[in-house]
Amino acid sequence: MLKSFDKLPAEFQNEEVKKYYDILSRKKRSILLKRITDVILALILIILLCIPMLVIALIIKISATKGPVFYKQERVTRYGKRFRILKFRTMIVGSDQCGELLTKEGDERVTLIGRALRKYRLDELPQIFHVLTGKMSIVGTRPEVVKYVDCYSPVYYSTLLLPAGITSFASIKYKDEDKLLKDGDDVDAVYINRILPDKMRYNLKYLQRFGFRRDLSIMMKTVKEVFKR
C-alpha cells in the first residue's frame, strides 16, 4: 500500500507529486490486486521458465566471451530505493567502464548471444525474481540508473510511487531505443533531453489511468511485441 504522503522522501513532497499520489490513494484495491497478481504470475513464470533460463545461463557460460552469467546494476525503484537489478549478461565484461551506460544500435560491446537475448527481451527474465520479492512489478515504470534519476524534474518522482516494472507502455513505444541513440554524438544528452521526457509522459499517463485492466492490456501488448520479433 502507499505510504503516508508526509512520510515520503523530501523530493517527493511537492504539489506535482501530490496530484498523482491522490489519484493512487483512491485506488488502494487496485494496488493490492496488482501485488497479488504479481506474486501469482511471478510464481507461474518461474516454474514455466526455469528450464529455458537454465539453458540461457548455460549458453552464456560456455560462450566465447568469458564472464559471469548475470549482470547487476544499481537502479531505482519505489520511493527512490536503490537495488541491484538482475539481467542475463549481454555485453562484454567491464562494458560499464569502456563506454556509455546506454547502448546504441550496433554497439560493439554487445555479444553475439546478447543481441539475440536483447531482441526478444530474454535478458530481462531474471527480473521475475525481483517481482516476487516486491522490488519490481510486472507492469510499471522501467527502473532507471541513479544517474538519470538525479536529473528528474519534480513531477517525475510521481513514477516512483509504485514499484518499477519489467514492462510499460513507454518501454513498448521505445522498444528500439538503441536505434534512436545511434546517431547522437552525446548519448546522455539525447536520452535526458529527448527520450526521457517522452517516456515520462507515457508513465505519468499510466498513473492517471492506473487500474488492473490497463495492466493486463500492457502485458498483452508486450507479449504481442515480443512475438512480432
# chains A, B, ... in the order shown; residues from 1 in each chain; ligands from 1
>>> closest_atom_pairs(of="range 27-98 of chain A", to="range 159-182 of chain A", cutoff="12 Å", atoms="only C-alpha atoms", output="CSV")
residue,atom,partner,partner_atom,distance
A:Lys28,CA,A:Leu162,CA,11.6
A:Ser30,CA,A:Leu162,CA,11.8
A:Ile31,CA,A:Leu162,CA,8.6
A:Leu32,CA,A:Leu162,CA,11.4
A:Lys34,CA,A:Leu162,CA,10.4
A:Arg35,CA,A:Pro163,CA,9.8
A:Asp38,CA,A:Gly165,CA,10.4
A:Ala42,CA,A:Ile166,CA,11.3
A:Arg75,CA,A:Ala164,CA,9.4
A:Val76,CA,A:Ala164,CA,7.7
A:Thr77,CA,A:Ala164,CA,5.0
A:Arg78,CA,A:Pro163,CA,4.5
A:Tyr79,CA,A:Leu160,CA,5.4
A:Gly80,CA,A:Leu160,CA,6.4
A:Lys81,CA,A:Leu160,CA,9.0
A:Arg82,CA,A:Ala164,CA,10.8
A:Phe83,CA,A:Ala164,CA,10.7
A:Ile85,CA,A:Ala164,CA,10.6
A:Leu86,CA,A:Ile166,CA,11.3
A:Lys87,CA,A:Ile166,CA,11.1
>>> residues_around(residues="range 151-157 of chain A", least_positions_apart="3", cutoff="6 Å", atoms="only C-alpha atoms", output="PyMOL selection string")
chain A and resi 12+16-17+148+160
>>> write_last_selection(atoms="C-alpha atoms", output="mmCIF file, in the first residue's frame")
data_model
loop_
_atom_site.group_PDB
_atom_site.id
_atom_site.type_symbol
_atom_site.label_atom_id
_atom_site.label_comp_id
_atom_site.auth_asym_id
_atom_site.auth_seq_id
_atom_site.Cartn_x
_atom_site.Cartn_y
_atom_site.Cartn_z
ATOM 1 C CA PHE A 12 8.533 13.613 -3.385
ATOM 2 C CA GLU A 16 3.048 17.918 -8.652
ATOM 3 C CA VAL A 17 3.639 14.544 -6.993
ATOM 4 C CA TYR A 148 19.279 9.663 -14.692
ATOM 5 C CA LEU A 160 8.315 6.157 -8.132
#
>>> select_by_dssp(residues="range 100-145 of chain A", states="alpha helix (DSSP H)", output="list in words")
Leu112, Ile113, Gly114, Arg115, Ala116, Leu117, Arg118, Lys119, Ile128, Phe129, His130, Val131, Leu132 and Thr133 of chain A
>>> write_last_selection(atoms="N, CA, C and O atoms", output="short mmCIF file (atom, residue, chain, number, x, y, z; two decimals), in the first residue's frame")
data_model
loop_
_atom_site.label_atom_id
_atom_site.label_comp_id
_atom_site.auth_asym_id
_atom_site.auth_seq_id
_atom_site.Cartn_x
_atom_site.Cartn_y
_atom_site.Cartn_z
N LEU A 112 27.36 -11.55 -29.36
CA LEU A 112 26.50 -12.16 -30.38
C LEU A 112 25.26 -12.76 -29.73
O LEU A 112 24.14 -12.58 -30.20
N ILE A 113 25.46 -13.49 -28.63
CA ILE A 113 24.34 -14.07 -27.90
C ILE A 113 23.48 -12.96 -27.30
O ILE A 113 22.25 -13.02 -27.30
N GLY A 114 24.16 -11.92 -26.84
CA GLY A 114 23.47 -10.79 -26.23
C GLY A 114 22.49 -10.11 -27.18
O GLY A 114 21.42 -9.67 -26.77
N ARG A 115 22.86 -10.03 -28.45
CA ARG A 115 21.98 -9.39 -29.44
C ARG A 115 20.66 -10.16 -29.56
O ARG A 115 19.59 -9.56 -29.65
N ALA A 116 20.75 -11.48 -29.56
CA ALA A 116 19.54 -12.31 -29.65
C ALA A 116 18.69 -12.17 -28.39
O ALA A 116 17.46 -12.04 -28.46
N LEU A 117 19.35 -12.17 -27.24
CA LEU A 117 18.62 -12.04 -25.98
C LEU A 117 17.91 -10.70 -25.88
O LEU A 117 16.76 -10.61 -25.44
N ARG A 118 18.60 -9.63 -26.31
CA ARG A 118 18.00 -8.29 -26.26
C ARG A 118 16.83 -8.16 -27.24
O ARG A 118 15.84 -7.50 -26.93
N LYS A 119 16.97 -8.75 -28.41
CA LYS A 119 15.93 -8.64 -29.43
C LYS A 119 14.59 -9.14 -28.91
O LYS A 119 13.54 -8.55 -29.16
N ILE A 128 12.01 -11.49 -12.93
CA ILE A 128 10.82 -12.11 -12.35
C ILE A 128 11.03 -12.33 -10.85
O ILE A 128 10.09 -12.20 -10.06
N PHE A 129 12.27 -12.63 -10.46
CA PHE A 129 12.56 -12.84 -9.04
C PHE A 129 12.42 -11.54 -8.25
O PHE A 129 12.03 -11.55 -7.08
N HIS A 130 12.72 -10.40 -8.89
CA HIS A 130 12.52 -9.10 -8.24
C HIS A 130 11.03 -8.84 -8.02
O HIS A 130 10.64 -8.21 -7.03
N VAL A 131 10.19 -9.32 -8.95
CA VAL A 131 8.75 -9.16 -8.81
C VAL A 131 8.27 -9.93 -7.58
O VAL A 131 7.46 -9.44 -6.79
N LEU A 132 8.80 -11.12 -7.41
CA LEU A 132 8.40 -11.96 -6.28
C LEU A 132 8.77 -11.31 -4.95
O LEU A 132 8.01 -11.40 -3.97
N THR A 133 9.92 -10.65 -4.90
CA THR A 133 10.35 -10.02 -3.64
C THR A 133 9.75 -8.64 -3.42
O THR A 133 9.91 -8.06 -2.35
#
>>> select_by_dssp(residues="range 1-222 of chain A", states="strand (DSSP E or B)", output="number ranges by chain")
A: 70-76, 82-88, 91, 110, 136-139, 145, 164-167
>>> closest_residue(among="A:Leu24, A:Val139, A:Ile40, A:Ala10", to="Phe210 in chain A", atoms="only C-alpha atoms")
A:Leu24
>>> atom_distance(atom1="CA of Ile23 in chain A", atom2="CA of Leu196 in chain A")
22.8 Å
>>> closest_residue(among="A:Leu49, A:Leu207, A:Val93, A:Ile195", to="Thr141 in chain A", atoms="only C-alpha atoms")
A:Leu207
>>> atom_distance(atom1="CA of Lys199 in chain A", atom2="CA of Gly94 in chain A")
28.0 Å
>>> atom_distance(atom1="CA of Leu43 in chain A", atom2="CA of Ile60 in chain A")
24.2 Å
>>> residues_around(residues="Pro68 in chain A", least_positions_apart="2", cutoff="9 Å", atoms="only C-alpha atoms", output="number ranges by chain")
A: 60-61, 66, 70-71, 88-89, 93
